[in-house]
Amino acid sequence: MVIETAGQRPTAPVRGSDYAGLLRQVRQAGLLDRRPRYYAWKTAGVATAFAGGWAALWLGGDSWWQLGTAAFLAAVFAQLAFLGHDAGHKQIFRTRRANHLYGLFVGNLATGVSIGWWTSNHNRHHAHPNTDGADPDIMGVLAHSGERAAAGKGWRRFIFRYQAWLFFPLLPLEAGSLHYASVRAVLKWPIPHRIREGAFLAAHAIAYLAAVFLILSPAKALVFLAVQQGLFGFYMGCTFAPNHKGMAVLHADDDTDFLRRQVLTSRNVRGGPLLDFALGGLNYQIEHHLFPSMPRPALRTAQPLVRSHCADLGIPYAETSLLDSYSQALRHLNTVARP
């Protein structure tokens, strides 16, 4: 086993029963039970905000003040994406079909992100977190290991070299990347219900662009799109950044057991209810990776159980503030980029 860490020493794998004991505690506490009331209120609140944002665009007319509406809708899109994330993990409903249909509405139709593509891509990430050659989340435009940084050619070599400086400036492009990956998956990937997924994505694009260009002048409409999509991407990128960047990077042949694989590659972010809301519960990244189907409101309750279990086994449990998580991530990106 080889683990490349940021301030951690490699930990040897042990038997999988270490996870079974924790799973038993979590089940006995009812933390894997569905929370229909929570998701009903959450969905109603986000849907109201979504409708309110588009109503504000309609009532505000052709004005530069609509850039405020663009910023508001960027935040709403992120909240919809969090709901799509929960549906993709089957946290909301008991059946796969119900979660998929919910994801079609909050993902494909409302935000223009394919639930089928996201579920397939994200499941690979959960199965192989921070694993070179297996985790799609670390195979993008940035290098997370020294080996990948050294192998960069052309424009990738330039980006890898200065990736710590380029990280935040590149985040506004994240929304465009999500849309592009969604369309490409619908056209080329063997995802289920491809026609349905494509129809919902097309409906989103037509309705979204028609609403903006019918109300705003062409110049204002283009700026509105840039602000709304740019801030949406920036928000999502800032949400994802603390979770794994700067944590252990595993090699493809690594044989670490499930519990340690998930804990050593994930980082939690300290905070209260406001941070839980802003990050969609992803600040409990360790608990989420150990129990992907656990409903969002149960993650905070599960945290003491997980932390105590890790302490008993001598497994490092990473938790820090939001700002420090960004600092750790940027330091790691800078370190692996050095020649």
# chains A, B, ... in the order shown; residues from 1 in each chain; ligands from 1
>>> select_by_dssp(residues="stretch 128-336 of chain A", states="alpha helix (DSSP H)", output="PyMOL selection string")
chain A and resi 146-150+154-161+163-170+174-188+194-215+218-244+258-264+273-278+285-290+299-313+322-336
>>> closest_atom_pairs(of="stretch 63-116 of chain A", to="stretch 175-187 of chain A", cutoff="12 Å", atoms="only C-alpha atoms", output="JSON lines")
{"residue": "A:Ala74", "atom": "CA", "partner": "A:Ala175", "partner_atom": "CA", "distance": 10.0}
{"residue": "A:Phe77", "atom": "CA", "partner": "A:Ala175", "partner_atom": "CA", "distance": 10.2}
{"residue": "A:Ala78", "atom": "CA", "partner": "A:Ala175", "partner_atom": "CA", "distance": 10.1}
{"residue": "A:Ala81", "atom": "CA", "partner": "A:Leu178", "partner_atom": "CA", "distance": 10.9}
{"residue": "A:Gly107", "atom": "CA", "partner": "A:Ser182", "partner_atom": "CA", "distance": 10.1}
{"residue": "A:Asn108", "atom": "CA", "partner": "A:Ser182", "partner_atom": "CA", "distance": 8.6}
{"residue": "A:Leu109", "atom": "CA", "partner": "A:His179", "partner_atom": "CA", "distance": 11.9}
{"residue": "A:Thr111", "atom": "CA", "partner": "A:His179", "partner_atom": "CA", "distance": 8.9}
{"residue": "A:Gly112", "atom": "CA", "partner": "A:His179", "partner_atom": "CA", "distance": 6.3}
{"residue": "A:Val113", "atom": "CA", "partner": "A:His179", "partner_atom": "CA", "distance": 5.7}
{"residue": "A:Ser114", "atom": "CA", "partner": "A:Ser182", "partner_atom": "CA", "distance": 5.0}
{"residue": "A:Ile115", "atom": "CA", "partner": "A:Ser182", "partner_atom": "CA", "distance": 8.3}
{"residue": "A:Gly116", "atom": "CA", "partner": "A:Ala185", "partner_atom": "CA", "distance": 8.3}
>>> write_last_selection(atoms="all heavy atoms", output="PDB file, in the first residue's frame")
ATOM      1  N   ALA A  74     -27.928  32.160  -8.584  1.00  0.00           N
ATOM      2  CA  ALA A  74     -26.741  31.311  -8.498  1.00  0.00           C
ATOM      3  C   ALA A  74     -26.750  30.522  -7.186  1.00  0.00           C
ATOM      4  O   ALA A  74     -26.460  29.322  -7.168  1.00  0.00           O
ATOM      5  CB  ALA A  74     -25.472  32.161  -8.592  1.00  0.00           C
ATOM      6  N   PHE A  77     -29.502  27.875  -7.393  1.00  0.00           N
ATOM      7  CA  PHE A  77     -29.063  26.740  -8.208  1.00  0.00           C
ATOM      8  C   PHE A  77     -28.180  25.792  -7.387  1.00  0.00           C
ATOM      9  O   PHE A  77     -28.267  24.562  -7.523  1.00  0.00           O
ATOM     10  CB  PHE A  77     -28.287  27.232  -9.432  1.00  0.00           C
ATOM     11  CG  PHE A  77     -29.140  27.511 -10.634  1.00  0.00           C
ATOM     12  CD1 PHE A  77     -30.389  28.101 -10.504  1.00  0.00           C
ATOM     13  CD2 PHE A  77     -28.698  27.192 -11.901  1.00  0.00           C
ATOM     14  CE1 PHE A  77     -31.180  28.363 -11.616  1.00  0.00           C
ATOM     15  CE2 PHE A  77     -29.477  27.439 -13.024  1.00  0.00           C
ATOM     16  CZ  PHE A  77     -30.723  28.028 -12.880  1.00  0.00           C
ATOM     17  N   ALA A  78     -27.310  26.357  -6.548  1.00  0.00           N
ATOM     18  CA  ALA A  78     -26.447  25.522  -5.713  1.00  0.00           C
ATOM     19  C   ALA A  78     -27.273  24.704  -4.725  1.00  0.00           C
ATOM     20  O   ALA A  78     -27.009  23.515  -4.511  1.00  0.00           O
ATOM     21  CB  ALA A  78     -25.437  26.388  -4.971  1.00  0.00           C
ATOM     22  N   ALA A  81     -28.748  21.924  -6.516  1.00  0.00           N
ATOM     23  CA  ALA A  81     -27.731  20.907  -6.789  1.00  0.00           C
ATOM     24  C   ALA A  81     -27.505  20.027  -5.563  1.00  0.00           C
ATOM     25  O   ALA A  81     -27.295  18.811  -5.694  1.00  0.00           O
ATOM     26  CB  ALA A  81     -26.422  21.574  -7.214  1.00  0.00           C
ATOM     27  N   GLY A 107     -32.312  18.589 -10.998  1.00  0.00           N
ATOM     28  CA  GLY A 107     -31.048  18.578 -11.725  1.00  0.00           C
ATOM     29  C   GLY A 107     -31.212  18.977 -13.172  1.00  0.00           C
ATOM     30  O   GLY A 107     -30.948  20.121 -13.555  1.00  0.00           O
ATOM     31  N   ASN A 108     -31.700  18.071 -13.988  1.00  0.00           N
ATOM     32  CA  ASN A 108     -31.807  18.328 -15.430  1.00  0.00           C
ATOM     33  C   ASN A 108     -32.660  19.547 -15.747  1.00  0.00           C
ATOM     34  O   ASN A 108     -32.255  20.421 -16.524  1.00  0.00           O
ATOM     35  CB  ASN A 108     -32.415  17.103 -16.129  1.00  0.00           C
ATOM     36  CG  ASN A 108     -31.555  15.871 -16.012  1.00  0.00           C
ATOM     37  OD1 ASN A 108     -31.187  15.472 -14.912  1.00  0.00           O
ATOM     38  ND2 ASN A 108     -31.238  15.254 -17.133  1.00  0.00           N
ATOM     39  N   LEU A 109     -33.860  19.614 -15.180  1.00  0.00           N
ATOM     40  CA  LEU A 109     -34.796  20.675 -15.548  1.00  0.00           C
ATOM     41  C   LEU A 109     -34.461  22.011 -14.893  1.00  0.00           C
ATOM     42  O   LEU A 109     -34.473  23.047 -15.556  1.00  0.00           O
ATOM     43  CB  LEU A 109     -36.225  20.257 -15.181  1.00  0.00           C
ATOM     44  CG  LEU A 109     -37.337  21.209 -15.634  1.00  0.00           C
ATOM     45  CD1 LEU A 109     -37.347  21.333 -17.160  1.00  0.00           C
ATOM     46  CD2 LEU A 109     -38.695  20.718 -15.127  1.00  0.00           C
ATOM     47  N   THR A 111     -31.559  23.025 -13.029  1.00  0.00           N
ATOM     48  CA  THR A 111     -30.195  23.558 -13.068  1.00  0.00           C
ATOM     49  C   THR A 111     -29.422  23.192 -14.324  1.00  0.00           C
ATOM     50  O   THR A 111     -28.329  23.717 -14.546  1.00  0.00           O
ATOM     51  CB  THR A 111     -29.387  23.075 -11.841  1.00  0.00           C
ATOM     52  OG1 THR A 111     -29.318  21.640 -11.857  1.00  0.00           O
ATOM     53  CG2 THR A 111     -30.037  23.531 -10.541  1.00  0.00           C
ATOM     54  N   GLY A 112     -29.942  22.270 -15.133  1.00  0.00           N
ATOM     55  CA  GLY A 112     -29.240  21.893 -16.354  1.00  0.00           C
ATOM     56  C   GLY A 112     -28.091  20.937 -16.137  1.00  0.00           C
ATOM     57  O   GLY A 112     -27.151  20.880 -16.935  1.00  0.00           O
ATOM     58  N   VAL A 113     -28.130  20.161 -15.049  1.00  0.00           N
ATOM     59  CA  VAL A 113     -27.094  19.161 -14.751  1.00  0.00           C
ATOM     60  C   VAL A 113     -27.744  17.788 -14.743  1.00  0.00           C
ATOM     61  O   VAL A 113     -28.706  17.554 -14.010  1.00  0.00           O
ATOM     62  CB  VAL A 113     -26.418  19.439 -13.393  1.00  0.00           C
ATOM     63  CG1 VAL A 113     -25.385  18.349 -13.090  1.00  0.00           C
ATOM     64  CG2 VAL A 113     -25.745  20.806 -13.396  1.00  0.00           C
ATOM     65  N   SER A 114     -27.224  16.866 -15.524  1.00  0.00           N
ATOM     66  CA  SER A 114     -27.808  15.533 -15.677  1.00  0.00           C
ATOM     67  C   SER A 114     -27.667  14.708 -14.415  1.00  0.00           C
ATOM     68  O   SER A 114     -26.554  14.482 -13.925  1.00  0.00           O
ATOM     69  CB  SER A 114     -27.132  14.795 -16.839  1.00  0.00           C
ATOM     70  OG  SER A 114     -27.393  13.417 -16.788  1.00  0.00           O
ATOM     71  N   ILE A 115     -28.776  14.235 -13.881  1.00  0.00           N
ATOM     72  CA  ILE A 115     -28.732  13.390 -12.693  1.00  0.00           C
ATOM     73  C   ILE A 115     -28.111  12.039 -13.021  1.00  0.00           C
ATOM     74  O   ILE A 115     -27.401  11.455 -12.186  1.00  0.00           O
ATOM     75  CB  ILE A 115     -30.151  13.209 -12.082  1.00  0.00           C
ATOM     76  CG1 ILE A 115     -30.086  12.436 -10.756  1.00  0.00           C
ATOM     77  CG2 ILE A 115     -31.080  12.518 -13.068  1.00  0.00           C
ATOM     78  CD1 ILE A 115     -29.354  13.144  -9.646  1.00  0.00           C
ATOM     79  N   GLY A 116     -28.330  11.533 -14.246  1.00  0.00           N
ATOM     80  CA  GLY A 116     -27.738  10.259 -14.639  1.00  0.00           C
ATOM     81  C   GLY A 116     -26.230  10.344 -14.731  1.00  0.00           C
ATOM     82  O   GLY A 116     -25.506   9.457 -14.256  1.00  0.00           O
TER      83      GLY A 116
END
>>> residues_around(residues="A:Leu80", least_positions_apart="2", cutoff="10 Å", atoms="only C-alpha atoms", output="ChimeraX atom specification")
/A:42-43,46-47,50,74-78,82-86,103,105-107,110-111,280
>>> residues_around(residues="A:Thr320", least_positions_apart="6", cutoff="7 Å", atoms="only C-alpha atoms", output="ChimeraX atom specification")
/A:268-270
>>> write_last_selection(atoms="N, CA, C and O atoms", output="mmCIF file, in the first residue's frame")
data_model
loop_
_atom_site.group_PDB
_atom_site.id
_atom_site.type_symbol
_atom_site.label_atom_id
_atom_site.label_comp_id
_atom_site.auth_asym_id
_atom_site.auth_seq_id
_atom_site.Cartn_x
_atom_site.Cartn_y
_atom_site.Cartn_z
ATOM 1 N N ASN A 268 -13.528 17.126 7.273
ATOM 2 C CA ASN A 268 -14.727 17.828 7.723
ATOM 3 C C ASN A 268 -14.430 19.305 7.937
ATOM 4 O O ASN A 268 -13.279 19.692 8.189
ATOM 5 N N VAL A 269 -15.473 20.121 7.850
ATOM 6 C CA VAL A 269 -15.347 21.561 8.090
ATOM 7 C C VAL A 269 -16.215 21.929 9.287
ATOM 8 O O VAL A 269 -17.409 21.649 9.304
ATOM 9 N N ARG A 270 -15.604 22.537 10.261
ATOM 10 C CA ARG A 270 -16.284 22.924 11.490
ATOM 11 C C ARG A 270 -17.243 24.079 11.247
ATOM 12 O O ARG A 270 -16.939 24.995 10.480
#
>>> atom_distance(atom1="atom CA of A:Phe240", atom2="atom CA of A:His89")
16.4 Å
>>> closest_atom_pairs(of="stretch 220-271 of chain A", to="stretch 305-313 of chain A", cutoff="12 Å", atoms="only C-alpha atoms", output="tab-separated table")
residue	atom	partner	partner_atom	distance
A:Leu259	CA	A:Cys310	CA	9.1
A:Arg260	CA	A:Cys310	CA	9.0
A:Gln262	CA	A:Cys310	CA	11.5
A:Val263	CA	A:Cys310	CA	8.5
A:Leu264	CA	A:Cys310	CA	10.4
A:Arg267	CA	A:Arg307	CA	12.0
A:Asn268	CA	A:Arg307	CA	10.7
>>> closest_residue(among="A:Ala329, A:Gly133, A:Ala29, A:Ser293", to="A:Arg96", atoms="only C-alpha atoms")
A:Ser293
>>> closest_residue(among="A:Phe213, A:Trp165, A:Trp41, A:Phe224", to="A:Leu330", atoms="only C-alpha atoms")
A:Trp165
>>> decode(residues="stretch 313-334 of chain A", atoms="N, CA, C and O atoms", output="CSV table (one decimal), in the first residue's frame")
chain,number,residue,atom,x,y,z
A,313,LEU,N,-9.7,3.5,17.3
A,313,LEU,CA,-8.9,2.7,16.4
A,313,LEU,C,-7.6,3.4,16.1
A,313,LEU,O,-6.8,2.8,15.3
A,314,GLY,N,-7.4,4.6,16.5
A,314,GLY,CA,-6.2,5.4,16.2
A,314,GLY,C,-6.1,5.9,14.8
A,314,GLY,O,-5.1,6.1,14.2
A,315,ILE,N,-7.3,6.2,14.2
A,315,ILE,CA,-7.4,6.7,12.8
A,315,ILE,C,-7.5,8.2,12.9
A,315,ILE,O,-8.4,8.7,13.5
A,316,PRO,N,-6.6,8.9,12.2
A,316,PRO,CA,-6.7,10.4,12.2
A,316,PRO,C,-8.0,10.9,11.6
A,316,PRO,O,-8.5,10.4,10.6
A,317,TYR,N,-8.7,11.8,12.3
A,317,TYR,CA,-10.0,12.3,11.9
A,317,TYR,C,-9.8,13.8,11.6
A,317,TYR,O,-9.5,14.6,12.5
A,318,ALA,N,-9.8,14.2,10.4
A,318,ALA,CA,-9.5,15.6,10.0
A,318,ALA,C,-10.7,16.5,10.1
A,318,ALA,O,-11.7,16.2,9.4
A,319,GLU,N,-10.6,17.5,10.8
A,319,GLU,CA,-11.6,18.5,10.9
A,319,GLU,C,-11.0,19.9,11.1
A,319,GLU,O,-10.1,20.0,12.0
A,320,THR,N,-11.4,20.9,10.4
A,320,THR,CA,-10.8,22.2,10.5
A,320,THR,C,-11.9,23.3,10.2
A,320,THR,O,-13.0,23.0,9.9
A,321,SER,N,-11.4,24.6,10.2
A,321,SER,CA,-12.3,25.6,9.8
A,321,SER,C,-12.4,25.7,8.3
A,321,SER,O,-11.6,25.2,7.6
A,322,LEU,N,-13.4,26.5,7.8
A,322,LEU,CA,-13.5,26.6,6.4
A,322,LEU,C,-12.3,27.3,5.8
A,322,LEU,O,-11.8,26.8,4.8
A,323,LEU,N,-11.9,28.4,6.4
A,323,LEU,CA,-10.7,29.1,5.8
A,323,LEU,C,-9.4,28.2,5.8
A,323,LEU,O,-8.7,28.2,4.9
A,324,ASP,N,-9.3,27.5,6.9
A,324,ASP,CA,-8.1,26.7,7.0
A,324,ASP,C,-8.1,25.5,6.0
A,324,ASP,O,-7.1,25.1,5.5
A,325,SER,N,-9.3,25.0,5.7
A,325,SER,CA,-9.5,24.0,4.7
A,325,SER,C,-9.0,24.5,3.3
A,325,SER,O,-8.3,23.7,2.6
A,326,TYR,N,-9.3,25.7,3.0
A,326,TYR,CA,-8.9,26.3,1.7
A,326,TYR,C,-7.3,26.4,1.8
A,326,TYR,O,-6.7,26.2,0.8
A,327,SER,N,-6.8,26.9,2.9
A,327,SER,CA,-5.4,27.0,3.0
A,327,SER,C,-4.7,25.7,2.8
A,327,SER,O,-3.6,25.6,2.1
A,328,GLN,N,-5.2,24.7,3.5
A,328,GLN,CA,-4.5,23.3,3.3
A,328,GLN,C,-4.6,22.9,1.9
A,328,GLN,O,-3.7,22.3,1.3
A,329,ALA,N,-5.8,23.1,1.2
A,329,ALA,CA,-5.9,22.6,-0.2
A,329,ALA,C,-4.9,23.4,-1.1
A,329,ALA,O,-4.3,22.7,-1.9
A,330,LEU,N,-4.8,24.7,-0.9
A,330,LEU,CA,-3.9,25.5,-1.8
A,330,LEU,C,-2.5,25.1,-1.5
A,330,LEU,O,-1.7,25.0,-2.5
A,331,ARG,N,-2.1,24.9,-0.3
A,331,ARG,CA,-0.7,24.5,0.0
A,331,ARG,C,-0.4,23.1,-0.6
A,331,ARG,O,0.7,22.9,-1.2
A,332,HIS,N,-1.4,22.2,-0.6
A,332,HIS,CA,-1.1,20.9,-1.2
A,332,HIS,C,-1.0,21.0,-2.7
A,332,HIS,O,-0.1,20.4,-3.3
A,333,LEU,N,-1.9,21.8,-3.4
A,333,LEU,CA,-1.8,22.0,-4.8
A,333,LEU,C,-0.4,22.7,-5.2
A,333,LEU,O,0.2,22.3,-6.2
A,334,ASN,N,0.1,23.6,-4.4
A,334,ASN,CA,1.3,24.2,-4.6
A,334,ASN,C,2.5,23.2,-4.4
A,334,ASN,O,3.4,23.2,-5.2
